[in-house]
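Student: Below you will find the structure I want to go over with you.
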Protein chains: 2
Amino acid sequence: MRRLYLATAAAVLTLVSSPGDAASMADVLAASKPSDWRPLDPARTLYLELESGRVIIELAPQFAPNHVANLLKLVREGYFDGLAFMRSQDNYVVQWGDADSKRAIRTAKKTLAAEFARPAQGLPFTQLPDPDSYAPQVGFSEGFAVARDAANGTAWLTHCYGTVGAGRDNDVDSGGGTELYAVIGHSPRHLDRNVTLVGRVVQGIELLSVLPRGTGAAGFYETAQQRVPIRAMRVAADVPESERVPLEVLRTDTPTFSAVVEARRNRSEEWFKYKAGHVELCNVPVAVRRRTK
Amino acid sequence: MRRLYLATAAAVLTLVSSPGDAASMADVLAASKPSDWRPLDPARTLYLELESGRVIIELAPQFAPNHVANLLKLVREGYFDGLAFMRSQDNYVVQWGDADSKRAIRTAKKTLAAEFARPAQGLPFTQLPDPDSYAPQVGFSEGFAVARDAANGTAWLTHCYGTVGAGRDNDVDSGGGTELYAVIGHSPRHLDRNVTLVGRVVQGIELLSVLPRGTGAAGFYETAQQRVPIRAMRVAADVPESERVPLEVLRTDTPTFSAVVEARRNRSEEWFKYKAGHVELCNVPVAVRRRTK
C-alpha cells in the first residue's frame, strides 16, 4: 500500500526520516523541552460531550472577557445540556445551541456588547513573517491565531479551522454565547471582526467536521430529528480530575514554536520538491499533546 | 429559530434582502445572463458514484494533459469500479484508489512524468486584485483557481477546497492518476507545484468531506472493512444523456464573475459590519448550477 502519498509532515516523518535535511515539524517537536509546553487551564477549558465523544475547547478570555465569563455561566447553568447542533454547512461551520429558543437562562445574559477586537497593547505576539490577505500583521498570541493593525492599535482573533465563535443576529450586540459555531472548512477570514470569537477546539474537531450536512438554507437541519444532540457541556475544572484529559499546548512565544513555523514555511521532508518559502496563518498548527506526567 | 446567524452570503440574501446596498453575490448571480455560463463538457467530466450519491469532477486538461488523458483511460477501463477510499484525514484530504495494489491496468499507464506547472502564455487569466501568501499572482482561468509567476512564465492549479490531484510517492514522476485525492479542509497551498492536479469537484464534495476519519497515520483506515467503497467511476460522455446531471459553470472571464469577486471582497449583506476589502483565492466560489434548458 502506498502510504506516503501526500502524507502530512508529521506522518511522513514517522514513516521516512530524512537525515541531513533541515528540521521538520516532527523533528522540532521531538526535540522540544518540557518548558516549551503549557498545560490547559481547566478554568478556561470546556468539554463538549457528544455521543461520538468529547470535544475540547480552549477559551480566550484575553480577547472576549465578557463573552467568556457569560459562556462559563451558561455552561455551569447546564444551559447546553440536552440541546443540539442545528446546523452543519459544508466548507463553513457547524453551529449549536437552542434551536427552538425555549431554554430559560438563569444567571447568564442572553446578549452582550460585541467584543470583535481589543487593544494590541499588552498582548504577547509572535509575528508570522509572511504577508496575509486580510490583515496588516498576523501571528500567534498565547496559542491563538491573531491579527493586528498598527494603524489603530487593535488585535483580534481570526477565523481558522477549529475556531469557536458566538453567533449573532444582524445587530452586533445580539450575541452572547447562547449559540456557538466552530469552523470546519477553509478559513472564512472575511468573518474576522464581524463576530466575537471565544476560543478554539484543541481536541475533537474531527467529531464536528463529519456531522451530516444540513440540507436547509445555510446548512440548517430541516427537521428537529436531524439535529445532533449534545449530552452535556462542562467546564473542565468542574469535572473530577480523573475524568479530565490532561492536555498541554505548545507555547507560541518560544524558539521551538518559531522553528515549527519555519518547518512549515519550508518543508524539509523528502516528499516535498518545491518549498513554498511561505506559510499562511491558518496553515500553522499550534501543537497539542497529552501530558505525560 | 435564529436562522441568520453567520449565514452565507447566498443564504442571507435569500432571507433578508438589503435594497440600496451594493450588490451581493446572490444579486450578481441573479442578474447574470445565460452567456455568462458554460455547460460542463461531458468529455472531461467524471462521475464518481458512491453509495451516498454522485460526486462530479471537472477535469483540467489544459493544466495536466497527460494525466487527464491517462485518467480517462483508467476510468474507461473500469479501473476504479469496486475500489475504495482508503484515507480520510481531517482538515486535509480524502484519497481513493487501489489500496491493495492488486488491480491490473490494461490500456493506461501506471506512472507519468509530473505536470506540476505549465507555461502561463496562452492561458486566460482573471487576476485577483489581492495579494496571496503563496504566489506572486493568483486568479482564475476557465473556472479553476490558478497561480502565476511572471519571473519564469509559469502557471499552475492551486490546492483549494475540492481540488482533485493525483497522489504520488517521493519520486515526482511516480503518480499517474491511479490514486486520487480531494481537498476537504483548509487549503493546503504548500502542496502547490508538488503534485499534479487534475481538476476540481463541482458537485458533491459534501459526500467526501464527511467520510469517517481514518485513525491510522495520515488518516488512513486501519482495516479494509473501514474503507468506503466506490461503486463506479464514469466519464459523463459515456453515461446515457438521461442519466447525466446537466451542470453549467460561471465563466470566469466575464464582468459577472468580476462582480462576484467584488461582492466577496466587500460583503454588502446587512449582517456584515466590517468589510474585509480583500478576498483570498480559495474563498472565491466559482458558481455551478443546474442548466434549466
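Residues in the C-alpha cells are numbered from 1 in each chain, the chains being A, B, ... in the order shown, and ligands are numbered from 1 in the order shown.
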Fewer than 5 positions away in the same chain doesn't count, so skip those; otherwise give me all residues within 9 Å of range 164-181 of chain A, counting only C-alpha atoms, as an MDAnalysis selection string.
Tutor: (chainID A and resid 57 59 66:68 70:71 74 79:80 87 93:99 109:115 159 194:201) or (chainID B and resid 2:6 270:273)
Student: For those residues, write N, CA and C atoms to a file as a compact mmCIF listing (two decimals), in the first residue's frame.
Tutor:
# COMPACT_ATOMS: atom_id res chain seq x y z
N ILE A 57 -12.42 22.53 24.10
CA ILE A 57 -12.29 23.91 23.62
C ILE A 57 -11.47 24.72 24.62
N LEU A 59 -10.70 28.37 25.86
CA LEU A 59 -11.30 29.70 25.78
C LEU A 59 -10.22 30.78 25.75
N ASN A 66 -15.95 39.31 28.45
CA ASN A 66 -17.36 39.25 28.84
C ASN A 66 -18.07 38.05 28.26
N HIS A 67 -17.79 37.75 26.99
CA HIS A 67 -18.41 36.57 26.38
C HIS A 67 -17.93 35.29 27.06
N VAL A 68 -16.65 35.22 27.38
CA VAL A 68 -16.14 34.01 28.02
C VAL A 68 -16.75 33.84 29.41
N ASN A 70 -19.59 34.95 30.42
CA ASN A 70 -21.01 34.59 30.24
C ASN A 70 -21.16 33.14 29.79
N LEU A 71 -20.26 32.72 28.91
CA LEU A 71 -20.31 31.33 28.43
C LEU A 71 -20.05 30.37 29.59
N LEU A 74 -23.25 30.13 31.43
CA LEU A 74 -24.22 29.31 30.69
C LEU A 74 -23.91 27.83 30.86
N TYR A 79 -26.99 25.07 30.66
CA TYR A 79 -27.77 25.60 29.53
C TYR A 79 -27.72 24.72 28.29
N PHE A 80 -26.53 24.20 27.99
CA PHE A 80 -26.37 23.46 26.72
C PHE A 80 -26.75 21.98 26.83
N ARG A 87 -27.04 23.02 12.82
CA ARG A 87 -26.53 23.45 11.52
C ARG A 87 -25.19 22.80 11.22
N VAL A 93 -19.22 26.09 8.66
CA VAL A 93 -19.33 25.96 10.12
C VAL A 93 -20.35 24.90 10.54
N VAL A 94 -20.17 24.41 11.77
CA VAL A 94 -21.26 23.72 12.47
C VAL A 94 -21.68 24.66 13.60
N GLN A 95 -22.93 24.55 14.02
CA GLN A 95 -23.46 25.51 14.99
C GLN A 95 -24.38 24.79 15.97
N TRP A 96 -24.27 25.18 17.24
CA TRP A 96 -25.10 24.52 18.25
C TRP A 96 -25.66 25.51 19.24
N GLY A 97 -26.77 25.11 19.86
CA GLY A 97 -27.44 25.97 20.82
C GLY A 97 -28.90 25.59 20.94
N ASP A 98 -29.73 26.60 21.21
CA ASP A 98 -31.14 26.37 21.50
C ASP A 98 -31.96 26.66 20.26
N ALA A 99 -32.05 25.68 19.38
CA ALA A 99 -32.67 25.91 18.07
C ALA A 99 -34.12 26.35 18.20
N LYS A 109 -26.35 36.10 30.80
CA LYS A 109 -27.07 37.08 29.98
C LYS A 109 -27.31 36.51 28.59
N LYS A 110 -28.39 36.93 27.99
CA LYS A 110 -28.72 36.43 26.65
C LYS A 110 -27.87 37.12 25.60
N THR A 111 -27.65 38.41 25.78
CA THR A 111 -26.85 39.16 24.80
C THR A 111 -25.85 40.05 25.52
N LEU A 112 -24.81 40.39 24.79
CA LEU A 112 -23.72 41.20 25.33
C LEU A 112 -23.23 42.16 24.25
N ALA A 113 -22.54 43.21 24.68
CA ALA A 113 -21.90 44.09 23.70
C ALA A 113 -20.81 43.30 22.96
N ALA A 114 -20.67 43.58 21.68
CA ALA A 114 -19.69 42.87 20.83
C ALA A 114 -18.28 43.02 21.38
N GLU A 115 -17.48 41.96 21.22
CA GLU A 115 -16.05 42.00 21.55
C GLU A 115 -15.28 41.51 20.32
N HIS A 159 -10.49 33.73 12.13
CA HIS A 159 -11.27 32.52 11.83
C HIS A 159 -10.40 31.50 11.10
N ASN A 194 -16.19 40.60 12.60
CA ASN A 194 -17.65 40.68 12.44
C ASN A 194 -18.38 39.88 13.51
N VAL A 195 -17.64 39.06 14.24
CA VAL A 195 -18.25 38.19 15.24
C VAL A 195 -17.30 38.10 16.42
N THR A 196 -17.83 37.88 17.61
CA THR A 196 -17.00 37.68 18.78
C THR A 196 -16.53 36.23 18.82
N LEU A 197 -15.22 36.06 18.79
CA LEU A 197 -14.64 34.71 18.88
C LEU A 197 -14.27 34.44 20.33
N VAL A 198 -14.49 33.20 20.76
CA VAL A 198 -14.31 32.89 22.17
C VAL A 198 -13.22 31.85 22.44
N GLY A 199 -12.72 31.18 21.41
CA GLY A 199 -11.69 30.18 21.67
C GLY A 199 -11.46 29.30 20.46
N ARG A 200 -10.88 28.14 20.72
CA ARG A 200 -10.65 27.20 19.60
C ARG A 200 -10.73 25.76 20.10
N VAL A 201 -11.09 24.88 19.20
CA VAL A 201 -11.11 23.44 19.51
C VAL A 201 -9.67 22.94 19.53
N ARG B 2 -33.15 31.18 15.19
CA ARG B 2 -32.35 32.29 14.65
C ARG B 2 -31.56 31.79 13.47
N ARG B 3 -32.13 31.88 12.34
CA ARG B 3 -31.56 31.23 11.17
C ARG B 3 -30.50 32.07 10.49
N LEU B 4 -30.35 33.31 10.86
CA LEU B 4 -29.46 34.17 10.08
C LEU B 4 -28.04 34.20 10.62
N TYR B 5 -27.87 33.71 11.84
CA TYR B 5 -26.53 33.69 12.42
C TYR B 5 -25.51 33.19 11.43
N LEU B 6 -24.58 34.02 11.04
CA LEU B 6 -23.44 33.54 10.27
C LEU B 6 -23.82 32.86 8.98
N GLU B 270 -26.50 42.88 5.12
CA GLU B 270 -26.67 43.67 6.34
C GLU B 270 -25.89 43.09 7.51
N TRP B 271 -25.77 41.76 7.56
CA TRP B 271 -25.11 41.12 8.69
C TRP B 271 -23.67 41.59 8.86
N PHE B 272 -22.99 41.87 7.73
CA PHE B 272 -21.58 42.23 7.78
C PHE B 272 -21.40 43.69 8.19
N LYS B 273 -20.63 43.90 9.26
CA LYS B 273 -20.39 45.26 9.74
C LYS B 273 -19.00 45.73 9.33
Student: Residues of chain A within 8 Å of chain B, counting only C-alpha atoms - could you list those as a VMD selection string?
Tutor: chain A and resid 1 to 8 11 90 to 91 99 to 101 130 to 134 161 167 to 172 184 to 188 190 to 191 193 to 194 206 209 to 213 217 to 218 220 270 to 280 282 to 283
Student: From the options B:Thr256, B:Ser32, B:Ser242, B:Thr45, which residue's atoms come nearest to Val75 in chain B, counting only C-alpha atoms?
Tutor: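 Using only C-alpha atoms, Val75 in chain B sits closest to B:Thr45.
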Student: Record the distance separating CA of Phe125 in chain A and CA of Gln137 in chain B, expressed in Å with one decimal.
Tutor: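 CA of Gln137 in chain B lies 28.8 Å from CA of Phe125 in chain A.
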Student: So how far away is CA of Gly204 in chain B from CA of Arg231 in chain B, in Å?
Tutor: 15.1 Å
Student: Among range 166-290 of chain B, which residues does DSSP mark as strand (DSSP E) when it is run on the backbone? Keep the chain and numbering as in the structure and answer as a list in words.
Tutor: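 Restricting range 166-290 of chain B to strand (DSSP E) produces Ala166, Leu180, Tyr181, Ala182, Val183, Thr196, Leu197, Val198, Gly199, Arg200, Val201, Val202, Gln203, Val228, Pro229, Ile230, Arg231, Ala232, Met233, Arg234, Val235, Leu247, Glu248, Val249, Leu250, Val288, Arg289 and Arg290 of chain B.
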Student: Could you pull out all residues of range 40-75 of chain B with a DSSP call of alpha helix (DSSP H) and give them as a ChimeraX atom specification?
Tutor: /B:65-75
Student: So that I can see what lies close to range 38-42 of chain A, please list as a VMD selection string the residues with an atom at most 9 Å from it, counting only C-alpha atoms and leaving out residues fewer than 4 positions away in the same chain.
Tutor: chain A and resid 34 46 58 235 to 239 244 246 to 251 291
Student: Go through A:Pro136, A:Pro124, A:Pro229, A:Pro240 and flag the residue nearest Asp253 in chain A, using only C-alpha atoms for the distances.
Tutor: A:Pro124
